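All remarks here apply to the structure that follows.
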Amino acid sequence: MLTAAGLRVREVRWLLREPALLAVLLAVAALLVLFVILPVIRVLSVPSAEHWLQYIQREAFVRATRNSILMAVLSTSSAMAVGFLYAYAIVRADIPAKGLFRTVALLPLVSPPFVTGLATILLFGRRGLITHGLLGLTYNPYGWHGLWFAQTLSFFPIAYLGIAGVLRAISPSLELAAHNLGARRFAVFRTIAVPLATPGLASAALLVSILVLADFGNPMLLGGDFYVLATEAYLQVIGRYNMEMAAVLCTVLLVPALGFFLAQRYWIGVRAYTTVTGRPTGLTPLRVSGPVRWVLFAACLLVAMIVLSVYLVIAAGAFVRVWGVDWTFTLKNFQYTLFRQRDLYNSVRFGAMAGVITAVAATVTAYLTQRKSFPGRGTLDFLTLLPVALPGTLVGIGFVLAFNQPPIELAGTVTIIVAAMAVRTLPVGYRLSVASLHQIDTSIEWASRNLGASSLKTFARIMLPLLRYAFAGSFIYSFVKSINTLSAVVFLMTPGKVVASASILGLADHGYWSQATALAFSLIAIALLALGALRLVAGRRVQLFDL
Amino acid sequence: MRIAVIATALVVLAVSVAPLGAQPARIMVYSSLHETEIAAMLDSFTRTTGVRAEFIRASSGELVARIRAERASPKGDIHLGGPADGHEVLVVDGLLEPHRSPEHKFIGPRFRDPKDRWHGFYIGALAIAVNKTRFEREMRPKGIDYPKKWEDLLNPAYKGEIVVANPFTSGTAMTFVAAHVLRLGADRGWKYLEDLDKNVNHYTRSGAAPARMSAVGEFLVGITFGHDILKPIAEGHPIHIVYPPDTGWEVGAVSIIKGGPNTAGARKFIDWQLSKDAGKLHSDISLRISVRSDVPVPKGAIPITEIQLLKGYDLWWVAQHRDALLRIWDSKFRR
Amino acid sequence: MTSIHVELSGLKKRFGDVAAVGGVDLAVPEGSFVTLLGPSGCGKTTTLRLIAGFYDPDEGEMRIGGRRINDLPPDQRNTAMVFQDFALFPHMTVFENIAYGLRMRGQSNPEISRRVEETARQLGLAGMERKWPLQLSGGQQQRVALARALIVEPEVLLLDEPLSNLDAKLRIRVRTEIRQIQQQLGKTTIYVTHDQEEALSISDTIAVMAAGRIVQVGTPYEVYYTPASRFVADFVGIANFVEGRVVQDRGVARVEAGGAVLEMGTRDLRASSSVLLTIRPEAVRLLEPGGSLEGQNVLRGVVTASSFMGSLARYWIEAIGIEWVVDVHMPVPRKLLAGEVILQIPGERIHVLEQR
């Protein structure tokens with residue numbers, strides 16, 4: 001019988017026997033400490049009691065906090081409602097044009113989130129094409145309601161993905177059993193589908209709320225005087241370089257995000273029912289009835305039309321001379337994009353670098369945590385997933401605080417930008433790799449070790465080739481997300497290292513809509529091309545964004 | 001397959017890392033001018049002098065904060081554009097490098113720092129942009145005429161229809177706030193701003209944005225510098241521009257950040273920027289009026305002599321009181 | 001004679017190009033236990049799901065108690081099913097799982113409590129009502145699934161391979177229990193399995209299915225000893241097949257096969273016709289070598305392989321050009337035979353599968 005301590009000792013001894021593995025492990029751990037833990041600690045430690053006092057006393061900060069909470073609650077609820085509708089329709093109702101609906105939901109996931117904000121102004125703003133042009137209304141989108149609308153559109157696909165996954169994971173036989181025992185369709189939905197999906201729904205809701213809390217592109221464009229914590233923190237940094245106050249605001253943002261993350265990890269994770277389903281039964285899930293099906297279809301169609309109009313307006317804006325005045329077709333906006341291609345080029349270059357780093361780090365870390373036993377394995381897993389809970393603003397400000405002075409001076413380098421991008425996308429890459437590893441039987445690895453290959457050789461010769469699609473998936477995910485990211489990177493840009501997402505926001509903020517839309521159009525096109533390339537390489541073996 | 005993936009990764013890595021290698025001396029430009037303008041000017045600068053330039057754009061208030069924050073190890077060489085008071089603030093902090101330029105003889109002394117730490121290259125005045133289409137439809141029937149003086153904007157008919165920037169981020173808005181305090185005195189000046197606040201829809205981050213918003217009719221009235229209004233007019237937007245009497249004005253300046261990575265290059269840039277050719281290029285693309293009398297007023301712009309500027313506007317005073325003004329503004333207008 | 005309770009006629013269901021069920025006719029008497037037996041993909045589960053209403057048939061009619069059920073939704077058919085993966089609701093306790101059907105029928109709380117308690121006791125689940133399904137063993141989960149189905153007093157009980165997720169020993173115990181409960185309650189039951197031993201041990205009637213059709217209906221005895229086709233003989237148990245020609249059709253029938261002549265007692269066979277005969281392994285007698293070759297149907301053979309299986313020994317023996325499988329029960333310890341042996345085929349145990 002081994003005691004826990006005895007087990008530890010044995011694990012350490014195993015590690016010492018494989019120095020190469022130990023070195024890799026230490027390197028991964030060091031990088032995580034440096035780029036995940038250190039920035040967070042800096043953010044937490046920089047403000048003094050006085051700054052906290054200021055936070056409590058300044059009405060503006062208290063209001064921003066209240067606004068953030070309000071926006072998180074509103075947008076999460078609506079995004080979840082739309083996401084559920086969408087997911088239920090696609091997974092459970094035999095509606096036409098599912099492929100179209102799924103593709104449409106993909107768009108907000110692969111474009112900068114504030115694109116919806118920009119399109120909201122163009123479509124539904126005071127001079128919006130639809131509200132004003134079509135309906136003759138003068139709706140003022142600047143404020144909480146316009147922001148709510150844009151955030152719902154930006155983040156409902158995240159809710160949709162989560163919910164669709166949950167619905168698919170519910171064994172069809174459970175619902176059929178209930179139906180068979182006399183429950184009518186709606187009773188089945190109420191007593192089986194909803195309670196079973198609840199833990200998964202809760203995780204999806206938490207994820208959405210973290211993203212809403214942390215987002216600052218849309219509040220910047222659409223908030224008007226409605227400041228939220230993220231915009232307030234941005235103004236503290238960019239407007240005043242009051243890093244201490246910004247750190248306070250980020251900490252306030254971190255608290256719910258971290259709380260959600262821990263809740264997800266230790267509470268919801270435990271109650272997830274969907275993992276207990278038996279083996280596939282070949283049963284088709286219970287389909288919704290005719291009328292419900294058409295209601296769902298109509299709802300999906302409405303949502304899809306709105307999303308589609310967002311992207312059509314971006315495309316249209318990119319190709320007209322002066323939005324709202326001169327609608328002649330032109331390519332000159334793209335001249336600007338090419339003229340300023342430095343931003344676009346930077347985005348692609350940094351994104352690609354972040355992609356490689358994320359993919360390598362994710363694969364290696366997943367292999368370590370899933371297949372090796374060593375002291376601190378759980379901690380490594382936790383650290384790798386932790387960035388999910390870190391608002392982008394916090395990562396950006398934390399990086400500035402941690403790496404702006406010796407001993408580690410990275411300010412103004414490409415490294416700091418790429419590191420921020422990689423840190424932000426690491427958790428998803430890691431999850432992809434973990435999922436992929438679960439599909440590879442351990443005995444394959446044992447066979448390799450048994451035939452005389454070392455741990456590292458086994459990883460390189462056996463695991464890596466088997467993990468190549470997860471690797472490609474992580475790379476593309478990280479690339480697509482990195483070229484669209486704004487919140488972390490905007491604090492780290494220096495002359496010559498400006499990225500397109502920040503330029504788009506600047507242009508949009510300035511009212512240069514044509515140039516902003518042209519640049520956004522190019523960025524989205526690049527993201528879609530990258531996804532297309534992944535599909536070519538990996539087929540349907542890697543599922544990114546439910547494609 | 002595996003080889004393909006690895007090869008792709010290596011190629012991506014190589015392409016990504018390649019430009020990190022040898023790099024010629026560059027200057028780092030922090031600028032609050034418009035993106036398109038900065039890009040065009042730096043291109044011309046590089047063609048003329050062979051010195052490469054990189055830039056980042058932000059509102060001038062943001063740049064002041066950034067330069068202050070980086071004082072320990074400055075990352076920028078040039079602070080380009082924005083009202084001179086924003087540069088003067090940095091003079092007070094001792095963050096600017098003096099430079100004596102041969103072009104100074106073409107620039108009047110009131111347009112530059114006596115100790116050569118900032119150098120004016122354009123002059124601008126605040127103006128009101130009114131969307132003509134909307135005005136004729138919505139205001140004219142109520143018997144309201146185009147605003148002529150600042151007080152006209154207090155008419156409740158404009159409620160929710162005025163946009164102006166936030167002085168924390170925008171130098172334009174700083175000029176706007178200071179001009180009213182100087183024009184009317186502190187008490188009446190702040191009272192005016194409070195009254196105007198009732199009609200303001202929201203305060204934008206960027207100083208020039210109100211012109212664009214008014215241009216497309218999002219809002220009836222935008223307040224910003226005249227040259228920022230002239231550009232959308234030139235593009236064909238239906239804007240009526242008003243320079244009210246006693247309007248605030250700026251000397252748009254450029255300065256060298258002390259201790260920046262490439263001060264030698266920065267000096268070349270100042271000399272170039274103050275030259276006649278650069279002045280003409282800048283005026284032509286921005287419709288701003290050069291401080292050099294030998295640079296013609298660009299087509300579509302209004303000569304500064306035709307505008308009734310606020311006599312008492314003192315940019316040195318503004319620089320000194322900037323932080324105090326911002327504190328008061330914050331306490332009154334942060335919603 | 002009991003009345004017909006469940007009646008399927010001309011039932012057809014296609015999935016794309018595959019005819020999963022290609023015209024099934026079946027009559028299940030009241031209170032009887034009918035098993036649909038067949039290899040995977042034969043359409044047995046689809047048939048069950050058609051009865052439950054999870055699929056709509058393309059053609060044909062289904063009646064329960066004389067009433068046509070084709071157009072009834074699943075929740076109104078009262079055909080409680082036990083699923084292969086049990087399909088216990090993981091978010092409900094054992095009590096709530098069992099109570100589910102009653103709740104759906106709007107029963108009162110005291111009534112539900114009473115009946116759940118009663119059913120739980122009947123199925124040996126007393127004291128487990130507060131547990132969660134995941135805390136139960138496979139056998140217990142199975143019984144909860146059964147309890148949940150039985151408590152609604154279904155007209156027909158449907159069981160879809162309910163034992164396949166249990167280990168081998170438990171499977172035998174539970175199938176006995178299922179049979180006992182079914183007989184106590186007299187519940188009309190349709191059972192689906194691919195396991196012939198299970199089917200033989202549990203059923204009143206077995207319907208053997210292949211490629212979407214029923215190929216034989218009969219008691220376990222009939223199916224085992226008088227299979228209707230080579231397929232049935234082969235699928236249900238192990239069979240030896242002998243092809244031969246009838247050489248005598250009057251009185252005692254004789255068939256010539258592989259140079260030997262097999263006597264089969266009195267049969268009605270056409271002279272000179274080709275026949276396919278089948279003999280079960282345990283019917284063949286194995287004699288020590290060196291014994292007399294006289295007597296009926298005695299063949300000389302050579303053991304090619306043998307396998308000791310505990311209560312019996314199985315031999316593969318080459319004789320008259322055929323590899324025979326022969327099972328010998330071993331009530332007393334004894335060494336396995338090897339080399340030359342003598343087979344004796346009891347004529348009355350030979351079943352004629354085909355005659356052309």
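By convention here, the chains of the structure tokens are called A, B, ... in the order presented, each chain's residues are numbered starting at 1, and ligands are numbered starting at 1 in the order presented.
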
For this session: At a cut-off of 7 Å, list the chain C residues touching chain A, using only C-alpha atoms, as a VMD selection string.
Result: chain C and resid 52 74 to 76 78 to 81 85 87 to 91 101 104 to 105

Residues from the last selection, N, CA and C atoms, saved as a PDB file, in the first residue's frame:
ATOM      1  N   ALA C  52     -43.030   0.470 -30.333  1.00  0.00           N
ATOM      2  CA  ALA C  52     -43.031   1.526 -29.322  1.00  0.00           C
ATOM      3  C   ALA C  52     -43.430   2.869 -29.905  1.00  0.00           C
ATOM      4  N   PRO C  74     -45.944   7.787 -29.248  1.00  0.00           N
ATOM      5  CA  PRO C  74     -45.358   6.819 -28.312  1.00  0.00           C
ATOM      6  C   PRO C  74     -45.921   6.933 -26.901  1.00  0.00           C
ATOM      7  N   ASP C  75     -46.213   8.164 -26.471  1.00  0.00           N
ATOM      8  CA  ASP C  75     -46.639   8.329 -25.087  1.00  0.00           C
ATOM      9  C   ASP C  75     -48.045   7.807 -24.848  1.00  0.00           C
ATOM     10  N   GLN C  76     -48.753   7.465 -25.900  1.00  0.00           N
ATOM     11  CA  GLN C  76     -50.105   6.962 -25.684  1.00  0.00           C
ATOM     12  C   GLN C  76     -50.262   5.484 -26.027  1.00  0.00           C
ATOM     13  N   ASN C  78     -48.718   2.957 -24.365  1.00  0.00           N
ATOM     14  CA  ASN C  78     -48.611   2.117 -23.179  1.00  0.00           C
ATOM     15  C   ASN C  78     -47.830   0.837 -23.452  1.00  0.00           C
ATOM     16  N   THR C  79     -46.674   1.018 -24.056  1.00  0.00           N
ATOM     17  CA  THR C  79     -45.787  -0.100 -24.342  1.00  0.00           C
ATOM     18  C   THR C  79     -44.450   0.156 -23.672  1.00  0.00           C
ATOM     19  N   ALA C  80     -44.369  -0.009 -22.351  1.00  0.00           N
ATOM     20  CA  ALA C  80     -43.157   0.369 -21.642  1.00  0.00           C
ATOM     21  C   ALA C  80     -41.965  -0.452 -22.126  1.00  0.00           C
ATOM     22  N   MET C  81     -40.850   0.247 -22.309  1.00  0.00           N
ATOM     23  CA  MET C  81     -39.685  -0.413 -22.869  1.00  0.00           C
ATOM     24  C   MET C  81     -38.520  -0.381 -21.889  1.00  0.00           C
ATOM     25  N   ASP C  85     -29.318   0.368 -22.983  1.00  0.00           N
ATOM     26  CA  ASP C  85     -28.438   1.087 -22.054  1.00  0.00           C
ATOM     27  C   ASP C  85     -29.218   1.533 -20.811  1.00  0.00           C
ATOM     28  N   ALA C  87     -31.176   3.580 -20.043  1.00  0.00           N
ATOM     29  CA  ALA C  87     -31.741   4.924 -20.184  1.00  0.00           C
ATOM     30  C   ALA C  87     -32.340   5.420 -18.884  1.00  0.00           C
ATOM     31  N   LEU C  88     -31.654   5.155 -17.786  1.00  0.00           N
ATOM     32  CA  LEU C  88     -32.116   5.731 -16.518  1.00  0.00           C
ATOM     33  C   LEU C  88     -31.835   7.230 -16.551  1.00  0.00           C
ATOM     34  N   PHE C  89     -32.749   8.003 -15.991  1.00  0.00           N
ATOM     35  CA  PHE C  89     -32.550   9.447 -15.983  1.00  0.00           C
ATOM     36  C   PHE C  89     -31.513   9.783 -14.922  1.00  0.00           C
ATOM     37  N   PRO C  90     -30.342  10.272 -15.355  1.00  0.00           N
ATOM     38  CA  PRO C  90     -29.246  10.419 -14.383  1.00  0.00           C
ATOM     39  C   PRO C  90     -29.503  11.530 -13.375  1.00  0.00           C
ATOM     40  N   HIS C  91     -30.437  12.414 -13.680  1.00  0.00           N
ATOM     41  CA  HIS C  91     -30.677  13.535 -12.768  1.00  0.00           C
ATOM     42  C   HIS C  91     -31.814  13.242 -11.810  1.00  0.00           C
ATOM     43  N   GLY C 101     -43.275   7.403 -14.847  1.00  0.00           N
ATOM     44  CA  GLY C 101     -44.451   7.091 -15.662  1.00  0.00           C
ATOM     45  C   GLY C 101     -45.755   7.423 -14.936  1.00  0.00           C
ATOM     46  N   MET C 104     -46.347  11.073 -15.018  1.00  0.00           N
ATOM     47  CA  MET C 104     -46.850  11.481 -16.323  1.00  0.00           C
ATOM     48  C   MET C 104     -48.324  11.129 -16.494  1.00  0.00           C
ATOM     49  N   ARG C 105     -48.747  10.152 -15.714  1.00  0.00           N
ATOM     50  CA  ARG C 105     -50.160   9.780 -15.784  1.00  0.00           C
ATOM     51  C   ARG C 105     -50.981  10.526 -14.738  1.00  0.00           C
TER      52      ARG C 105
END

Using only C-alpha atoms, which protein or nucleic acid residues come within 8 Å of region 459-474 of chain A? Drop anything in the same chain fewer than 3 positions from it, and give the result as a PDB file with N, CA and C atoms, in the first residue's frame.
ATOM      1  N   GLY A 355      -0.133  31.128 -33.182  1.00  0.00           N
ATOM      2  CA  GLY A 355      -0.720  29.835 -33.515  1.00  0.00           C
ATOM      3  C   GLY A 355       0.272  28.706 -33.305  1.00  0.00           C
ATOM      4  N   THR A 358       0.941  28.313 -29.549  1.00  0.00           N
ATOM      5  CA  THR A 358      -0.204  27.693 -28.878  1.00  0.00           C
ATOM      6  C   THR A 358      -0.285  26.209 -29.198  1.00  0.00           C
ATOM      7  N   ALA A 359      -0.147  25.881 -30.476  1.00  0.00           N
ATOM      8  CA  ALA A 359      -0.296  24.482 -30.874  1.00  0.00           C
ATOM      9  C   ALA A 359       0.774  23.619 -30.214  1.00  0.00           C
ATOM     10  N   VAL A 360       2.019  24.097 -30.229  1.00  0.00           N
ATOM     11  CA  VAL A 360       3.094  23.316 -29.604  1.00  0.00           C
ATOM     12  C   VAL A 360       2.853  23.196 -28.103  1.00  0.00           C
ATOM     13  N   ALA A 362       0.156  23.592 -26.386  1.00  0.00           N
ATOM     14  CA  ALA A 362      -1.058  22.839 -26.048  1.00  0.00           C
ATOM     15  C   ALA A 362      -0.800  21.340 -26.175  1.00  0.00           C
ATOM     16  N   THR A 363      -0.164  20.932 -27.272  1.00  0.00           N
ATOM     17  CA  THR A 363       0.072  19.507 -27.490  1.00  0.00           C
ATOM     18  C   THR A 363       0.976  18.937 -26.401  1.00  0.00           C
ATOM     19  N   VAL A 428      -8.106  26.683 -25.269  1.00  0.00           N
ATOM     20  CA  VAL A 428      -8.888  25.951 -26.267  1.00  0.00           C
ATOM     21  C   VAL A 428      -8.008  24.941 -27.005  1.00  0.00           C
ATOM     22  N   GLY A 429      -6.796  25.372 -27.347  1.00  0.00           N
ATOM     23  CA  GLY A 429      -5.858  24.456 -28.001  1.00  0.00           C
ATOM     24  C   GLY A 429      -5.590  23.251 -27.119  1.00  0.00           C
ATOM     25  N   TYR A 430      -5.437  23.527 -25.841  1.00  0.00           N
ATOM     26  CA  TYR A 430      -5.165  22.469 -24.868  1.00  0.00           C
ATOM     27  C   TYR A 430      -6.329  21.483 -24.821  1.00  0.00           C
ATOM     28  N   LEU A 432      -8.515  20.860 -27.150  1.00  0.00           N
ATOM     29  CA  LEU A 432      -8.526  20.080 -28.387  1.00  0.00           C
ATOM     30  C   LEU A 432      -7.543  18.924 -28.289  1.00  0.00           C
ATOM     31  N   SER A 433      -6.348  19.228 -27.788  1.00  0.00           N
ATOM     32  CA  SER A 433      -5.320  18.193 -27.690  1.00  0.00           C
ATOM     33  C   SER A 433      -5.729  17.127 -26.686  1.00  0.00           C
ATOM     34  N   SER A 436      -8.237  14.897 -28.186  1.00  0.00           N
ATOM     35  CA  SER A 436      -7.604  14.052 -29.176  1.00  0.00           C
ATOM     36  C   SER A 436      -6.839  12.913 -28.502  1.00  0.00           C
ATOM     37  N   LEU A 437      -6.164  13.243 -27.410  1.00  0.00           N
ATOM     38  CA  LEU A 437      -5.406  12.228 -26.682  1.00  0.00           C
ATOM     39  C   LEU A 437      -6.322  11.156 -26.127  1.00  0.00           C
ATOM     40  N   ILE A 440      -6.796   8.288 -28.304  1.00  0.00           N
ATOM     41  CA  ILE A 440      -5.657   7.421 -28.611  1.00  0.00           C
ATOM     42  C   ILE A 440      -5.445   6.504 -27.430  1.00  0.00           C
ATOM     43  N   GLU A 445       0.871   3.746 -26.870  1.00  0.00           N
ATOM     44  CA  GLU A 445       2.080   4.327 -26.305  1.00  0.00           C
ATOM     45  C   GLU A 445       2.898   3.266 -25.580  1.00  0.00           C
ATOM     46  N   SER A 448       4.931   1.303 -27.879  1.00  0.00           N
ATOM     47  CA  SER A 448       6.148   1.971 -28.313  1.00  0.00           C
ATOM     48  C   SER A 448       7.226   1.895 -27.238  1.00  0.00           C
ATOM     49  N   SER A 455      10.457   8.076 -23.670  1.00  0.00           N
ATOM     50  CA  SER A 455       9.254   8.893 -23.522  1.00  0.00           C
ATOM     51  C   SER A 455       9.169   9.947 -24.624  1.00  0.00           C
ATOM     52  N   LEU A 456      10.266  10.654 -24.833  1.00  0.00           N
ATOM     53  CA  LEU A 456      10.261  11.730 -25.824  1.00  0.00           C
ATOM     54  C   LEU A 456      10.139  11.180 -27.228  1.00  0.00           C
ATOM     55  N   TYR A 477      -7.205  27.664 -34.784  1.00  0.00           N
ATOM     56  CA  TYR A 477      -8.035  28.360 -33.795  1.00  0.00           C
ATOM     57  C   TYR A 477      -7.290  29.564 -33.250  1.00  0.00           C
ATOM     58  N   SER A 478      -6.048  29.310 -32.835  1.00  0.00           N
ATOM     59  CA  SER A 478      -5.263  30.384 -32.236  1.00  0.00           C
ATOM     60  C   SER A 478      -5.033  31.509 -33.245  1.00  0.00           C
ATOM     61  N   LEU A 534      -7.860  24.616 -43.091  1.00  0.00           N
ATOM     62  CA  LEU A 534      -7.919  23.554 -42.089  1.00  0.00           C
ATOM     63  C   LEU A 534      -8.831  22.427 -42.567  1.00  0.00           C
ATOM     64  N   ALA A 538      -7.540  18.752 -42.722  1.00  0.00           N
ATOM     65  CA  ALA A 538      -7.982  17.815 -41.689  1.00  0.00           C
ATOM     66  C   ALA A 538      -9.389  17.279 -41.924  1.00  0.00           C
ATOM     67  N   ARG A 541     -12.135  15.971 -39.225  1.00  0.00           N
ATOM     68  CA  ARG A 541     -11.569  15.331 -38.041  1.00  0.00           C
ATOM     69  C   ARG A 541     -11.382  16.307 -36.901  1.00  0.00           C
ATOM     70  N   VAL A 542     -11.207  17.581 -37.244  1.00  0.00           N
ATOM     71  CA  VAL A 542     -11.106  18.571 -36.171  1.00  0.00           C
ATOM     72  C   VAL A 542     -12.343  19.443 -36.237  1.00  0.00           C
ATOM     73  N   GLN A 543     -13.012  19.550 -35.105  1.00  0.00           N
ATOM     74  CA  GLN A 543     -14.219  20.359 -35.078  1.00  0.00           C
ATOM     75  C   GLN A 543     -13.925  21.683 -34.404  1.00  0.00           C
ATOM     76  N   LEU A 544     -13.731  22.711 -35.221  1.00  0.00           N
ATOM     77  CA  LEU A 544     -13.589  24.053 -34.674  1.00  0.00           C
ATOM     78  C   LEU A 544     -14.892  24.769 -34.937  1.00  0.00           C
TER      79      LEU A 544
ATOM     80  N   ARG B   2       2.475  14.112 -41.987  1.00  0.00           N
ATOM     81  CA  ARG B   2       3.174  14.698 -40.848  1.00  0.00           C
ATOM     82  C   ARG B   2       4.230  15.672 -41.352  1.00  0.00           C
ATOM     83  N   VAL B   5       2.733  18.899 -42.389  1.00  0.00           N
ATOM     84  CA  VAL B   5       2.339  19.765 -41.269  1.00  0.00           C
ATOM     85  C   VAL B   5       3.563  20.442 -40.670  1.00  0.00           C
TER      86      VAL B   5
END

For this session: Taking only C-alpha atoms into account, report as a ChimeraX atom specification which residues of chain A lie within 8 Å of chain B.
Result: /A:60,125-127,224-226,235,238-241,322-326,336,340,349-350,352-353,356,412,465,468,472,493-496,498,507,509-512

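For the pair CA of Trp118 (chain B) and CA of Ile256 (chain B), the separation is 7.5 Å.
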